[in-house]
Every structure is written in structure tokens, then in C-alpha cells.
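Structure file my_file35.txt; described as compact mmCIF, C-alpha atoms.
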```txt
# COMPACT_ATOMS: atom_id res chain seq x y z
CA MET A 103 0.00 0.00 0.00
CA GLY A 104 2.93 2.39 0.62
CA LEU A 105 4.14 2.44 -2.97
CA GLN A 106 0.57 2.81 -4.20
CA ASN A 107 0.08 5.91 -2.02
CA THR A 108 3.41 7.30 -3.21
CA MET A 109 2.52 6.88 -6.89
CA ARG A 110 -0.97 8.34 -6.38
CA ALA A 111 0.52 11.36 -4.63
CA LEU A 112 3.15 11.85 -7.35
CA ALA A 113 0.56 11.61 -10.14
CA ASP A 114 -0.76 15.11 -9.49
CA PRO A 115 1.20 18.06 -10.96
CA THR A 116 0.35 20.36 -8.04
CA ARG A 117 1.75 17.86 -5.55
CA ARG A 118 4.89 17.47 -7.65
CA GLY A 119 5.16 21.26 -7.60
CA ILE A 120 4.91 21.29 -3.82
CA LEU A 121 7.67 18.68 -3.61
CA ASN A 122 9.85 20.79 -5.89
CA LEU A 123 9.36 23.78 -3.58
CA LEU A 124 10.24 21.72 -0.53
CA LYS A 125 13.44 20.35 -2.01
CA LYS A 126 14.90 23.82 -1.40
CA GLY A 127 13.99 23.70 2.29
CA ARG A 128 11.11 23.74 4.72
CA LEU A 129 8.17 26.07 4.18
CA SER A 130 5.03 26.99 6.06
CA ALA A 131 1.64 26.10 4.66
CA GLY A 132 1.08 29.79 3.88
CA GLU A 133 4.35 30.06 1.97
CA ILE A 134 3.41 27.00 -0.06
CA ALA A 135 -0.11 28.29 -0.75
CA GLU A 136 1.29 31.60 -2.06
CA GLN A 137 2.87 29.71 -4.95
CA PHE A 138 -0.40 28.30 -6.31
CA ALA A 139 -3.53 29.87 -7.76
CA MET A 140 -5.94 27.90 -5.58
CA SER A 141 -7.65 28.19 -2.25
CA ALA A 142 -5.86 27.45 1.01
CA PRO A 143 -8.17 24.45 1.67
CA ALA A 144 -7.22 22.99 -1.73
CA VAL A 145 -3.52 23.34 -0.92
CA SER A 146 -4.19 21.79 2.49
CA LYS A 147 -5.79 18.77 0.79
CA HIS A 148 -2.69 18.31 -1.38
CA LEU A 149 -0.46 18.57 1.70
CA THR A 150 -2.57 15.90 3.42
CA VAL A 151 -2.18 13.52 0.48
CA LEU A 152 1.59 14.07 0.48
CA LYS A 153 1.72 13.57 4.24
CA ASP A 154 -0.38 10.38 4.05
CA ALA A 155 2.06 9.06 1.44
CA ASP A 156 4.91 9.96 3.83
CA LEU A 157 6.50 12.16 1.17
CA ILE A 158 6.55 15.15 3.50
CA ARG A 159 6.77 15.74 7.25
CA ASP A 160 5.23 18.54 9.23
CA ARG A 161 6.25 20.23 12.45
CA ARG A 162 4.33 22.80 14.42
CA GLU A 163 6.26 25.80 15.68
CA GLY A 164 4.03 28.20 17.54
CA LYS A 165 1.05 28.99 15.34
CA PHE A 166 2.75 27.83 12.13
CA ILE A 167 3.12 24.38 10.62
CA TYR A 168 6.26 23.84 8.59
CA TYR A 169 6.60 21.16 5.93
CA GLU A 170 9.74 19.45 4.71
CA LEU A 171 10.57 16.78 2.16
CA ASN A 172 10.97 13.16 3.25
CA ALA A 173 13.35 11.93 0.56
CA SER A 174 13.64 8.39 1.94
CA VAL A 175 10.24 7.46 0.48
CA LEU A 176 11.32 8.81 -2.91
CA ASP A 177 14.49 6.73 -2.67
CA GLU A 178 12.40 3.59 -2.10
CA ALA A 179 10.19 4.36 -5.12
CA LEU A 180 13.24 5.01 -7.31
CA LEU A 181 14.81 1.75 -6.19
CA TRP A 182 11.66 -0.14 -7.13
CA LEU A 183 11.52 1.56 -10.54
CA LYS A 184 15.18 0.72 -11.19
CA GLU A 185 14.54 -2.91 -10.27
CA LEU A 186 11.49 -3.00 -12.50
CA ARG A 187 13.59 -1.68 -15.37
CA GLY A 188 16.27 -4.25 -14.66
CA ASP A 189 18.95 -1.75 -13.68
CA GLU A 190 21.77 -2.97 -11.46
CA THR A 191 21.83 -1.36 -8.03
```
As C-alpha cells, how would this structure be written, given the file I've shared?
Amino acid sequence: MGLQNTMRALADPTRRGILNLLKKGRLSAGEIAEQFAMSAPAVSKHLTVLKDADLIRDRREGKFIYYELNASVLDEALLWLKELRGDET
């Protein structure tokens, strides 16, 4: 089920965009939402999908929630894709 959640989360271009933002460092939900032409609840839904797939982590600091990339899940997905392709590891 983990890989299925990862692939479902990665299938959406907005979620891939969020991951690209987070590869530069942690951001608050507001900072992420500023980058997209959609409502804050819509961005929140995308963040929830990414969190459920364990692609991002969140941490509350005061009244803000900061998100950061969890690259280990991406590494697992890449390893599976390489094995599927027959690449040597």
C-alpha cells in the first residue's frame, strides 16, 4: 500500500510542484499556498495527500506548521523503478 500511495501522490502536478518547492527547504503552509492559484483548503488537501504518502513531514512551531521533504520514500520508489527496469543497483 505504501508504494501505491506514493505513486498516487506523485501523479498530481500540483503535488509534484509542492515537492519541488520543498526540495529547497522547509516552508510553512502559507508560503506553499502563495505559490499556487488555488484556495488554502485545496492546498491543504494536497499537503494531506503528500503527508499520508509519507513524502513530507510537518512540524508545528508556535502557530505555524512547517513542511519538509521526506526523501527516503522517494528513494524507495526510485529503487523499485530501477529494479522494474532491470537496472543494477
Worksheet item: When you draw a straight line from atom CA of A:Thr150 to atom CA of A:Gln106, how long is it in Å?
Response: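 Spanning atom CA of A:Thr150 to atom CA of A:Gln106 is a straight-line distance of 15.5 Å.
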Worksheet item: Just how far from atom CA of A:Ala135 is atom CA of A:Arg162, in Å to one decimal?
Response: 16.7 Å
Worksheet item: Which of these residues is nearest to A:Ile167, using all atoms listed in the file: A:Ser146, A:Asn122, A:Thr116, A:Ser141?
Response: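 So, comparing all the options, the nearest one is A:Ser146.
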Practice prompt. Name the residues in contact with A:Tyr169 at a cut-off of 12 Å, using all atoms listed in the file, excluding same-chain residues fewer than 4 positions from it; report them as a VMD selection string.
Written response: chain A and resid 120 to 121 123 to 135 146 149 to 150 152 to 153 156 to 163
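Considering the residues A:Val151, A:Val145, A:Leu105, A:Ala139 and counting only C-alpha atoms, A:Asp177 has its shortest atom-to-atom contact with A:Leu105.
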Discussion item. Please determine, counting only C-alpha atoms, which residue among A:Leu186, A:Ala111, A:Val175, A:Leu181 has the shortest atom-to-atom distance to A:Lys147.
Written reply: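 For A:Lys147, the nearest of the candidates is A:Ala111.
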Fill in: Pairwise distance for atom CA of A:Leu176 and atom CA of A:Ala144, rounded to one decimal in Å
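About the pair atom CA of A:Leu176 and atom CA of A:Ala144: they are 23.4 Å apart.
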Worksheet entry | Residue with smallest distance to A:Gly119 - pool A:Glu185, A:Glu170, A:Lys165, A:Gln137, counting only C-alpha atoms |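 Going through A:Glu185, A:Glu170, A:Lys165, A:Gln137 one by one, the smallest distance to A:Gly119 is for A:Gln137.
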Can you pull out the residues contacting A:Asp154? Cut-off 10 Å, using only C-alpha atoms, and skip same-chain residues under 6 positions away; I want them as an mmCIF file with C-alpha atoms, in the coordinates of the input.
```cif
data_model
loop_
_atom_site.group_PDB
_atom_site.id
_atom_site.type_symbol
_atom_site.label_atom_id
_atom_site.label_comp_id
_atom_site.auth_asym_id
_atom_site.auth_seq_id
_atom_site.Cartn_x
_atom_site.Cartn_y
_atom_site.Cartn_z
ATOM 1 C CA GLY A 104 2.930 2.390 0.620
ATOM 2 C CA ASN A 107 0.080 5.910 -2.020
ATOM 3 C CA THR A 108 3.410 7.300 -3.210
ATOM 4 C CA ALA A 111 0.520 11.360 -4.630
ATOM 5 C CA HIS A 148 -2.690 18.310 -1.380
#
```
Worksheet, complete the sentence: In terms of all atoms listed in the file, the residue from A:Leu183, A:Asp189, A:Asn172, A:Gly164 at minimal distance from A:Met109 is A:Leu183
